[in-house]
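This report refers to the structure that appears directly beneath it.
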Amino acid sequence: MATKRYTGYRSFSYLEAGKDYTEFTPSADVDRLPEHDLGLTADELARAERLLTDNIAISLHDHPVRLPQQAKTELLQWNREARLAYGYEGLSRSGLDAVFDNLGWGACESRNGWKWDDVITDLGMRWCDFAHQDYVIRAESVADIRRAHADGRLAVVAGLEGAALIENEIDRLDVLHGLGVRQIGIAYSDANSLGSGLREEADGGLTALGRRAVRRMNQLGIAIDLSHAGDRTALEVIEASDKPPLITHAGARGLWNTARMKPDEVIRACAEAGGMIGIEAAPYTTVSPRHRRHTIESVMDHFRYCVDLVGIEHVGFGPDTFFGDHLDLHHVMSQKWGVADTIRSGPEFETIESVAGLENPGECFRNITRWLVKHGYSDQDISAVIGGNALRVLEKIW
């Protein structure tokens with residue numbers, strides 16, 4: 001298994017743990033769980049490795065931080081410290097060339113969502129950590145992603161799950177762009193001043209301020225994410241935007257009927273506008289009728305559904321994973337994130353301890369590529385869905 005140009009750096013090693021900052025024991029970013037066996041032959045494994053090495057792989061949505069081992073009791077305090085250890089070693093084994101790292105997590109710090117200062121602090125802490133190592137680079141353009149691939153490094157694109165933090169200040173979008181943010185979600189589940197989130201019973205659609213925000217993001221070159229937007233809001237964003245939209249992490253409601261999944265109408269409209277959908281893998285999201293136990297197999301059911309619906313050129317992956325126990329995270333954040341409202345209101349599913357095969361950012365794209373090889377996809381199609389499609393769309397947005 002090839003690794004990128006990683007030299008062993010650990011987050012915040014330029015400071016003294018316990019003296020300069022509060023130390024939490026992070027989850028392992030390598031070998032926390034046994035490797036998932038997809039049953040490939042040696043030749044198939046070699047082909048998958050070649051495809052990852054030769055082509056650019058882009059995760060449209062992940063959280064590549066190492067959760068605290070004691071997430072159930074320490075998560076909120078750890079998050080408020082804003083000094084989140086990055087999974088550098090795990091990422092170096094992932095095969096990824098670029099990852100959209102979404103900060104803020106939608107609604108974590110207060111009852112009303114992350115505030116401006118919280119997100120700026122999170123972003124600054126992340127960039128400070130990056131500045132002390134030479135494997136990860138801050139990516140603000142397609143050229144940066146291509147450079148990372150050529151140099152054996154990882155391009156990290158800063159994104160935000162929702163736009164609540166701009167409040168009614170459109171110029172804050174300019175500030176965020178200036179600080180390196182290149183992707184923003186319209187709303188994170190709850191409604192904000194721009195539009196409605198997916199857990200609102202009544203979707204009011206895109207507001208007048210939201211239309212101004214869409215125009216400004218188009219002008220600046222900020223990708224607009226519809227993953228947590230309500231259906232009407234998503235459709236009105238697509239209509240208002242001059243640039244292709246992204247659904248960075250979701251699945252198909254036509255396959256699994258929950259609010260967290262996107263209906264055919266939204267997926268089609270996104271594709272017709274030149275955008276794409278990244279298939280989600282967070283626990284209990286992309287379950288399927290054929291595979292009610294959430295694993296890579298149910299996730300790939302959503303992939304196949306979306307490919308059949310809009311064509312393979314409009315589909316990619318945004319696994320939405322962490323290094324550490326994602327279910328512990330859900331248990332702590334369920335009320336704030338609306339997990340019960342947007343996932344458990346749907347069909348019955350089997351309980352799991354982890355999403356087998358797609359549990360963390362270090363394994364997702366390697367296993368996705370292996371699954372595609374095992375199921376007979378061509379080199380061209382595999383190259384497209386692991387990164388080529390995302391590059392094409394981003395070139396139109398940025």
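FYI, nothing fancy with the structure tokens labels: chains A, B, ... in order, residues from 1 per chain, ligands from 1 as they appear.
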Give me, as CSV, the closest atom pair and its distance (Å, one decimal) for every residue of range 346-373 of chain A within a cut-off of 10 Å of range 44-58 of chain A, counting only C-alpha atoms, rows sorted by chain and rising number.
```
residue,atom,partner,partner_atom,distance
A:Phe365,CA,A:Ala57,CA,7.6
A:Arg366,CA,A:Leu52,CA,7.4
A:Asn367,CA,A:Ala48,CA,8.9
A:Ile368,CA,A:Ala48,CA,9.3
A:Thr369,CA,A:Ala48,CA,5.8
A:Arg370,CA,A:Ala48,CA,5.4
A:Trp371,CA,A:Ala48,CA,8.8
A:Leu372,CA,A:Ala48,CA,8.4
A:Val373,CA,A:Ala48,CA,6.3
```
For the selection you just gave me, I'd like the residues written to a file as a compact mmCIF listing (two decimals), in the first residue's frame, keeping C-alpha atoms.
```txt
# COMPACT_ATOMS: atom_id res chain seq x y z
CA PHE A 365 -11.47 5.64 -0.97
CA ARG A 366 -9.23 2.60 -1.04
CA ASN A 367 -12.24 0.36 -0.34
CA ILE A 368 -14.49 2.28 -2.75
CA THR A 369 -11.92 1.77 -5.50
CA ARG A 370 -11.58 -1.91 -4.63
CA TRP A 371 -15.37 -2.34 -4.67
CA LEU A 372 -15.57 -0.72 -8.11
CA VAL A 373 -12.79 -2.98 -9.41
```
List every residue of range 49-94 of chain A that has an atom at most 8 Å from any atom of range 114-132 of chain A, and for each one report the closest atom pair and its distance in Å to one decimal, counting only C-alpha atoms, with rows sorted by chain and then by increasing residue number, as a tab-separated table.
```
residue	atom	partner	partner_atom	distance
A:Ala82	CA	A:Asp122	CA	5.4
A:Arg83	CA	A:Met125	CA	6.4
A:Leu84	CA	A:Arg126	CA	7.8
```
Those same residues, written as a CSV table (one decimal), in the first residue's frame with C-alpha atoms?
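Final output, part09.csv:
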```csv
chain,number,residue,atom,x,y,z
A,82,ALA,CA,-10.8,24.0,19.1
A,83,ARG,CA,-7.4,22.1,19.1
A,84,LEU,CA,-8.5,19.0,17.1
```
Practice item. Would you work out the distance separating CA of Pro244 in chain A from CA of Asp203 in chain A, expressed in Å to one decimal? Key: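 Interatomic distance here is 22.1 Å.
Among the candidates A:Cys270, A:Ile224, A:Cys306, A:Val30, the one nearest to Thr286 in chain A when counting only C-alpha atoms is A:Cys306.
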Practice item. Determine which residues of range 149-249 of chain A receive a DSSP assignment of helix (DSSP H, G or I), computed from the backbone, and state them as a ChimeraX atom specification. Key: /A:149-151,164-166,172-178,208-220,231-240
Written selection (N, CA, C and O atoms) as a short mmCIF file (atom, residue, chain, number, x, y, z; two decimals), in the first residue's frame:
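And here is the file that came out, selection.cif:
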```cif
data_model
loop_
_atom_site.label_atom_id
_atom_site.label_comp_id
_atom_site.auth_asym_id
_atom_site.auth_seq_id
_atom_site.Cartn_x
_atom_site.Cartn_y
_atom_site.Cartn_z
N HIS A 149 -1.39 16.21 -5.89
CA HIS A 149 -1.28 14.89 -6.51
C HIS A 149 0.12 14.68 -7.09
O HIS A 149 0.74 13.62 -6.89
N ALA A 150 0.64 15.68 -7.78
CA ALA A 150 1.96 15.56 -8.41
C ALA A 150 3.07 15.43 -7.38
O ALA A 150 4.06 14.73 -7.61
N ASP A 151 2.91 16.07 -6.22
CA ASP A 151 3.96 16.11 -5.20
C ASP A 151 3.80 15.04 -4.13
O ASP A 151 4.61 14.98 -3.19
N ALA A 164 -25.18 29.65 8.72
CA ALA A 164 -25.80 30.43 9.79
C ALA A 164 -24.86 31.50 10.34
O ALA A 164 -25.30 32.57 10.76
N LEU A 165 -23.57 31.24 10.34
CA LEU A 165 -22.61 32.15 10.96
C LEU A 165 -22.51 33.49 10.25
O LEU A 165 -22.03 34.47 10.85
N ILE A 166 -22.94 33.61 9.00
CA ILE A 166 -22.85 34.92 8.35
C ILE A 166 -23.97 35.84 8.83
O ILE A 166 -23.91 37.05 8.58
N ARG A 172 -19.47 38.87 4.93
CA ARG A 172 -18.74 37.83 5.65
C ARG A 172 -18.34 36.70 4.71
O ARG A 172 -17.37 35.98 4.97
N LEU A 173 -19.08 36.52 3.62
CA LEU A 173 -18.69 35.52 2.63
C LEU A 173 -17.35 35.89 2.00
O LEU A 173 -16.51 35.02 1.76
N ASP A 174 -17.12 37.18 1.76
CA ASP A 174 -15.83 37.63 1.24
C ASP A 174 -14.72 37.34 2.24
O ASP A 174 -13.61 36.91 1.86
N VAL A 175 -15.00 37.59 3.53
CA VAL A 175 -14.00 37.33 4.57
C VAL A 175 -13.66 35.84 4.60
O VAL A 175 -12.48 35.46 4.66
N LEU A 176 -14.68 35.00 4.55
CA LEU A 176 -14.45 33.56 4.58
C LEU A 176 -13.64 33.11 3.36
O LEU A 176 -12.73 32.29 3.48
N HIS A 177 -13.96 33.64 2.22
CA HIS A 177 -13.19 33.31 1.01
C HIS A 177 -11.74 33.75 1.19
O HIS A 177 -10.80 33.02 0.86
N GLY A 178 -11.56 34.95 1.74
CA GLY A 178 -10.20 35.44 1.95
C GLY A 178 -9.41 34.59 2.92
O GLY A 178 -8.17 34.50 2.83
N ALA A 208 -34.76 36.15 0.40
CA ALA A 208 -34.17 37.22 -0.39
C ALA A 208 -32.69 37.35 -0.07
O ALA A 208 -31.85 37.53 -0.96
N LEU A 209 -32.33 37.24 1.23
CA LEU A 209 -30.93 37.27 1.62
C LEU A 209 -30.19 36.07 1.04
O LEU A 209 -29.04 36.18 0.60
N GLY A 210 -30.86 34.93 1.03
CA GLY A 210 -30.26 33.73 0.45
C GLY A 210 -29.93 33.90 -1.02
O GLY A 210 -28.88 33.44 -1.49
N ARG A 211 -30.79 34.58 -1.75
CA ARG A 211 -30.53 34.82 -3.17
C ARG A 211 -29.31 35.73 -3.34
O ARG A 211 -28.48 35.51 -4.24
N ARG A 212 -29.18 36.71 -2.48
CA ARG A 212 -28.00 37.57 -2.52
C ARG A 212 -26.74 36.77 -2.18
O ARG A 212 -25.69 36.97 -2.80
N ALA A 213 -26.87 35.86 -1.22
CA ALA A 213 -25.73 35.03 -0.83
C ALA A 213 -25.31 34.09 -1.95
O ALA A 213 -24.12 33.90 -2.21
N VAL A 214 -26.28 33.50 -2.65
CA VAL A 214 -25.97 32.63 -3.77
C VAL A 214 -25.21 33.41 -4.84
O VAL A 214 -24.19 32.94 -5.38
N ARG A 215 -25.70 34.60 -5.15
CA ARG A 215 -25.02 35.44 -6.16
C ARG A 215 -23.59 35.76 -5.72
O ARG A 215 -22.65 35.68 -6.52
N ARG A 216 -23.41 36.10 -4.43
CA ARG A 216 -22.08 36.46 -3.96
C ARG A 216 -21.15 35.24 -3.98
O ARG A 216 -19.98 35.37 -4.35
N MET A 217 -21.65 34.08 -3.58
CA MET A 217 -20.80 32.88 -3.62
C MET A 217 -20.40 32.55 -5.05
O MET A 217 -19.28 32.12 -5.32
N ASN A 218 -21.32 32.75 -6.00
CA ASN A 218 -20.97 32.57 -7.41
C ASN A 218 -19.86 33.53 -7.81
O ASN A 218 -18.91 33.15 -8.52
N GLN A 219 -19.98 34.78 -7.40
CA GLN A 219 -18.99 35.79 -7.77
C GLN A 219 -17.62 35.48 -7.17
O GLN A 219 -16.59 35.67 -7.81
N LEU A 220 -17.63 35.01 -5.92
CA LEU A 220 -16.37 34.77 -5.21
C LEU A 220 -15.69 33.48 -5.66
O LEU A 220 -14.46 33.37 -5.62
N ASP A 231 -35.80 20.47 0.65
CA ASP A 231 -35.98 20.17 -0.77
C ASP A 231 -36.31 21.42 -1.59
O ASP A 231 -35.72 21.66 -2.64
N ARG A 232 -37.27 22.21 -1.11
CA ARG A 232 -37.64 23.42 -1.85
C ARG A 232 -36.46 24.40 -1.88
O ARG A 232 -36.17 24.98 -2.93
N THR A 233 -35.81 24.56 -0.74
CA THR A 233 -34.65 25.46 -0.69
C THR A 233 -33.58 25.00 -1.68
O THR A 233 -33.01 25.82 -2.41
N ALA A 234 -33.30 23.71 -1.72
CA ALA A 234 -32.29 23.18 -2.63
C ALA A 234 -32.65 23.48 -4.08
O ALA A 234 -31.80 23.94 -4.87
N LEU A 235 -33.90 23.25 -4.46
CA LEU A 235 -34.32 23.50 -5.84
C LEU A 235 -34.22 24.98 -6.19
O LEU A 235 -33.83 25.34 -7.31
N GLU A 236 -34.54 25.85 -5.24
CA GLU A 236 -34.48 27.28 -5.52
C GLU A 236 -33.03 27.77 -5.58
O GLU A 236 -32.73 28.71 -6.33
N VAL A 237 -32.15 27.16 -4.82
CA VAL A 237 -30.72 27.49 -4.94
C VAL A 237 -30.21 27.10 -6.33
O VAL A 237 -29.50 27.87 -6.99
N ILE A 238 -30.56 25.90 -6.76
CA ILE A 238 -30.12 25.43 -8.08
C ILE A 238 -30.60 26.39 -9.17
O ILE A 238 -29.85 26.75 -10.09
N GLU A 239 -31.85 26.83 -9.07
CA GLU A 239 -32.41 27.76 -10.06
C GLU A 239 -31.70 29.11 -10.01
O GLU A 239 -31.46 29.74 -11.05
N ALA A 240 -31.35 29.58 -8.82
CA ALA A 240 -30.77 30.92 -8.65
C ALA A 240 -29.28 30.96 -9.00
O ALA A 240 -28.75 32.03 -9.33
#
```
Review point. Got a sec to tell me which of range 58-261 of chain A DSSP assigns to strand (DSSP E or B), as a ChimeraX atom specification?
Key: /A:58-62,65-66,68,86,98-103,136-138,154-160,181-185,197,223-225,229,246-250,252
Store the residues picked out above, limited to C-alpha atoms, as a PDB file, in the first residue's frame.
```
ATOM      1  CA  ILE A  58     -11.183  13.690  -3.976  1.00  0.00           C
ATOM      2  CA  SER A  59     -13.448  13.285  -0.969  1.00  0.00           C
ATOM      3  CA  LEU A  60     -16.200  15.882  -1.253  1.00  0.00           C
ATOM      4  CA  HIS A  61     -16.912  15.721   2.465  1.00  0.00           C
ATOM      5  CA  ASP A  62     -15.062  14.344   5.484  1.00  0.00           C
ATOM      6  CA  VAL A  65      -9.804  14.722  12.826  1.00  0.00           C
ATOM      7  CA  ARG A  66      -9.097  12.159  15.557  1.00  0.00           C
ATOM      8  CA  PRO A  68     -11.149  11.648  21.654  1.00  0.00           C
ATOM      9  CA  TYR A  86      -5.589  15.721  12.586  1.00  0.00           C
ATOM     10  CA  ALA A  98      -7.784  16.142  -1.740  1.00  0.00           C
ATOM     11  CA  VAL A  99     -10.403  16.257   0.980  1.00  0.00           C
ATOM     12  CA  PHE A 100     -13.115  18.786   1.726  1.00  0.00           C
ATOM     13  CA  ASP A 101     -12.772  19.275   5.477  1.00  0.00           C
ATOM     14  CA  ASN A 102     -15.935  20.784   6.938  1.00  0.00           C
ATOM     15  CA  LEU A 103     -15.375  22.818  10.076  1.00  0.00           C
ATOM     16  CA  VAL A 136      -0.892  18.696   3.989  1.00  0.00           C
ATOM     17  CA  ILE A 137      -1.369  21.880   1.970  1.00  0.00           C
ATOM     18  CA  ARG A 138      -4.171  24.438   2.130  1.00  0.00           C
ATOM     19  CA  LEU A 154      -2.738  16.064   0.429  1.00  0.00           C
ATOM     20  CA  ALA A 155      -4.782  19.144  -0.491  1.00  0.00           C
ATOM     21  CA  VAL A 156      -7.284  20.128   2.212  1.00  0.00           C
ATOM     22  CA  VAL A 157     -10.196  22.339   1.156  1.00  0.00           C
ATOM     23  CA  ALA A 158     -11.881  24.254   3.974  1.00  0.00           C
ATOM     24  CA  GLY A 159     -15.667  24.058   3.967  1.00  0.00           C
ATOM     25  CA  LEU A 160     -18.599  24.814   6.249  1.00  0.00           C
ATOM     26  CA  VAL A 181     -13.053  28.722   2.681  1.00  0.00           C
ATOM     27  CA  ARG A 182     -14.114  27.343  -0.703  1.00  0.00           C
ATOM     28  CA  GLN A 183     -17.388  25.512   0.047  1.00  0.00           C
ATOM     29  CA  ILE A 184     -20.390  26.435   2.204  1.00  0.00           C
ATOM     30  CA  GLY A 185     -23.706  24.697   2.852  1.00  0.00           C
ATOM     31  CA  GLY A 197     -32.828  23.016   6.486  1.00  0.00           C
ATOM     32  CA  ALA A 223     -19.021  26.038  -3.987  1.00  0.00           C
ATOM     33  CA  ILE A 224     -22.604  25.835  -2.692  1.00  0.00           C
ATOM     34  CA  ASP A 225     -23.524  22.628  -0.866  1.00  0.00           C
ATOM     35  CA  ALA A 229     -30.901  22.028   2.791  1.00  0.00           C
ATOM     36  CA  LEU A 246     -22.893  20.323  -5.092  1.00  0.00           C
ATOM     37  CA  ILE A 247     -24.626  17.763  -2.924  1.00  0.00           C
ATOM     38  CA  THR A 248     -21.397  16.821  -1.171  1.00  0.00           C
ATOM     39  CA  HIS A 249     -22.713  14.097   1.146  1.00  0.00           C
ATOM     40  CA  ALA A 250     -26.120  12.465   0.808  1.00  0.00           C
ATOM     41  CA  ALA A 252     -31.137   8.755  -2.641  1.00  0.00           C
TER      42      ALA A 252
END
```
Write out as a PDB file with all heavy atoms, in the first residue's frame which residues come within 8 Å of Asp190 in chain A when counting only C-alpha atoms, dropping same-chain ones fewer than 3 positions away.
```pdb
ATOM      1  N   ALA A 187     -27.766  25.643   4.433  1.00  0.00           N
ATOM      2  CA  ALA A 187     -28.341  25.496   5.771  1.00  0.00           C
ATOM      3  C   ALA A 187     -27.965  24.133   6.315  1.00  0.00           C
ATOM      4  O   ALA A 187     -27.845  23.169   5.561  1.00  0.00           O
ATOM      5  CB  ALA A 187     -29.862  25.653   5.734  1.00  0.00           C
ATOM      6  N   SER A 196     -34.148  27.144   4.337  1.00  0.00           N
ATOM      7  CA  SER A 196     -34.598  26.116   5.271  1.00  0.00           C
ATOM      8  C   SER A 196     -33.709  24.888   5.225  1.00  0.00           C
ATOM      9  O   SER A 196     -33.187  24.511   4.166  1.00  0.00           O
ATOM     10  CB  SER A 196     -36.039  25.700   4.949  1.00  0.00           C
ATOM     11  OG  SER A 196     -36.944  26.754   5.223  1.00  0.00           O
ATOM     12  N   GLY A 197     -33.559  24.263   6.391  1.00  0.00           N
ATOM     13  CA  GLY A 197     -32.828  23.016   6.486  1.00  0.00           C
ATOM     14  C   GLY A 197     -33.753  21.831   6.346  1.00  0.00           C
ATOM     15  O   GLY A 197     -34.980  21.957   6.379  1.00  0.00           O
ATOM     16  N   LEU A 198     -33.157  20.646   6.240  1.00  0.00           N
ATOM     17  CA  LEU A 198     -33.945  19.467   5.889  1.00  0.00           C
ATOM     18  C   LEU A 198     -34.818  18.939   7.018  1.00  0.00           C
ATOM     19  O   LEU A 198     -35.681  18.106   6.784  1.00  0.00           O
ATOM     20  CB  LEU A 198     -33.032  18.369   5.341  1.00  0.00           C
ATOM     21  CG  LEU A 198     -31.854  17.894   6.201  1.00  0.00           C
ATOM     22  CD1 LEU A 198     -32.276  16.882   7.242  1.00  0.00           C
ATOM     23  CD2 LEU A 198     -30.774  17.311   5.304  1.00  0.00           C
ATOM     24  N   ARG A 199     -34.623  19.399   8.258  1.00  0.00           N
ATOM     25  CA  ARG A 199     -35.504  18.887   9.309  1.00  0.00           C
ATOM     26  C   ARG A 199     -36.661  19.836   9.622  1.00  0.00           C
ATOM     27  O   ARG A 199     -37.430  19.588  10.543  1.00  0.00           O
ATOM     28  CB  ARG A 199     -34.717  18.546  10.555  1.00  0.00           C
ATOM     29  CG  ARG A 199     -34.197  19.693  11.388  1.00  0.00           C
ATOM     30  CD  ARG A 199     -33.724  19.144  12.733  1.00  0.00           C
ATOM     31  NE  ARG A 199     -32.985  20.119  13.505  1.00  0.00           N
ATOM     32  CZ  ARG A 199     -32.546  19.897  14.747  1.00  0.00           C
ATOM     33  NH1 ARG A 199     -32.785  18.735  15.324  1.00  0.00           N
ATOM     34  NH2 ARG A 199     -31.873  20.821  15.391  1.00  0.00           N
ATOM     35  N   GLU A 200     -36.805  20.902   8.848  1.00  0.00           N
ATOM     36  CA  GLU A 200     -37.950  21.792   9.024  1.00  0.00           C
ATOM     37  C   GLU A 200     -39.194  21.154   8.420  1.00  0.00           C
ATOM     38  O   GLU A 200     -39.162  20.654   7.295  1.00  0.00           O
ATOM     39  CB  GLU A 200     -37.684  23.140   8.342  1.00  0.00           C
ATOM     40  CG  GLU A 200     -36.462  23.885   8.853  1.00  0.00           C
ATOM     41  CD  GLU A 200     -36.632  24.388  10.268  1.00  0.00           C
ATOM     42  OE1 GLU A 200     -37.770  24.396  10.778  1.00  0.00           O
ATOM     43  OE2 GLU A 200     -35.617  24.770  10.881  1.00  0.00           O
TER      44      GLU A 200
END
```
List the spatial neighbours of Thr351 in chain A as an mmCIF file with all heavy atoms, in the first residue's frame - criterion: any atom at most 9 Å away, only C-alpha atoms, same-chain residues fewer than 4 positions off excluded.
```
data_model
loop_
_atom_site.group_PDB
_atom_site.id
_atom_site.type_symbol
_atom_site.label_atom_id
_atom_site.label_comp_id
_atom_site.auth_asym_id
_atom_site.auth_seq_id
_atom_site.Cartn_x
_atom_site.Cartn_y
_atom_site.Cartn_z
ATOM 1 N N TYR A 284 -26.061 5.013 9.609
ATOM 2 C CA TYR A 284 -27.518 5.023 9.500
ATOM 3 C C TYR A 284 -28.055 6.054 8.512
ATOM 4 O O TYR A 284 -29.213 6.446 8.586
ATOM 5 C CB TYR A 284 -28.164 5.214 10.877
ATOM 6 C CG TYR A 284 -27.769 4.169 11.883
ATOM 7 C CD1 TYR A 284 -27.403 4.525 13.175
ATOM 8 C CD2 TYR A 284 -27.751 2.811 11.549
ATOM 9 C CE1 TYR A 284 -27.031 3.572 14.116
ATOM 10 C CE2 TYR A 284 -27.385 1.850 12.474
ATOM 11 C CZ TYR A 284 -27.025 2.228 13.756
ATOM 12 O OH TYR A 284 -26.654 1.272 14.680
ATOM 13 N N ARG A 292 -29.979 -3.683 4.960
ATOM 14 C CA ARG A 292 -30.448 -2.885 6.092
ATOM 15 C C ARG A 292 -29.414 -2.794 7.211
ATOM 16 O O ARG A 292 -29.590 -2.049 8.171
ATOM 17 C CB ARG A 292 -31.773 -3.439 6.624
ATOM 18 C CG ARG A 292 -32.921 -3.237 5.652
ATOM 19 C CD ARG A 292 -34.225 -3.855 6.114
ATOM 20 N NE ARG A 292 -35.266 -3.669 5.119
ATOM 21 C CZ ARG A 292 -36.131 -2.644 5.106
ATOM 22 N NH1 ARG A 292 -36.068 -1.747 6.071
ATOM 23 N NH2 ARG A 292 -37.037 -2.542 4.161
ATOM 24 N N ARG A 293 -28.366 -3.561 7.084
ATOM 25 C CA ARG A 293 -27.206 -3.393 7.957
ATOM 26 C C ARG A 293 -26.232 -2.490 7.217
ATOM 27 O O ARG A 293 -25.721 -2.846 6.159
ATOM 28 C CB ARG A 293 -26.561 -4.743 8.280
ATOM 29 C CG ARG A 293 -25.379 -4.631 9.246
ATOM 30 C CD ARG A 293 -24.883 -5.994 9.673
ATOM 31 N NE ARG A 293 -23.767 -5.870 10.600
ATOM 32 C CZ ARG A 293 -23.882 -5.633 11.904
ATOM 33 N NH1 ARG A 293 -25.093 -5.474 12.427
ATOM 34 N NH2 ARG A 293 -22.826 -5.526 12.682
ATOM 35 N N HIS A 294 -25.979 -1.319 7.743
ATOM 36 C CA HIS A 294 -25.244 -0.289 7.014
ATOM 37 C C HIS A 294 -23.770 -0.681 6.853
ATOM 38 O O HIS A 294 -23.013 -0.725 7.816
ATOM 39 C CB HIS A 294 -25.355 1.034 7.768
ATOM 40 C CG HIS A 294 -25.023 2.232 6.936
ATOM 41 N ND1 HIS A 294 -24.858 3.481 7.464
ATOM 42 C CD2 HIS A 294 -24.823 2.379 5.586
ATOM 43 C CE1 HIS A 294 -24.593 4.345 6.507
ATOM 44 N NE2 HIS A 294 -24.557 3.695 5.353
#
```
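Rounded to one decimal, CA of Gln133 in chain A and CA of Tyr9 in chain A lie 6.4 Å from each other.
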Review point. In terms of the shortest atom-to-atom distance over only C-alpha atoms, which of A:Asp43, A:Asp29, A:Glu265, A:Glu169 is closest to Tyr88 in chain A?
Key: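 So, comparing all the options, the nearest one is A:Asp29.
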Exercise for review: Calculate how many Å separate CA of Thr321 in chain A from CA of Asn360 in chain A, rounding to one decimal.
Suggested key: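 We find that CA of Thr321 in chain A and CA of Asn360 in chain A lie 5.1 Å from each other.
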Check your understanding: Given the choices A:Trp256, A:Asp325, A:Glu23, A:Ile296, which gets closest to Glu81 in chain A if the distance is worked out from only C-alpha atoms?
Key -> A:Glu23
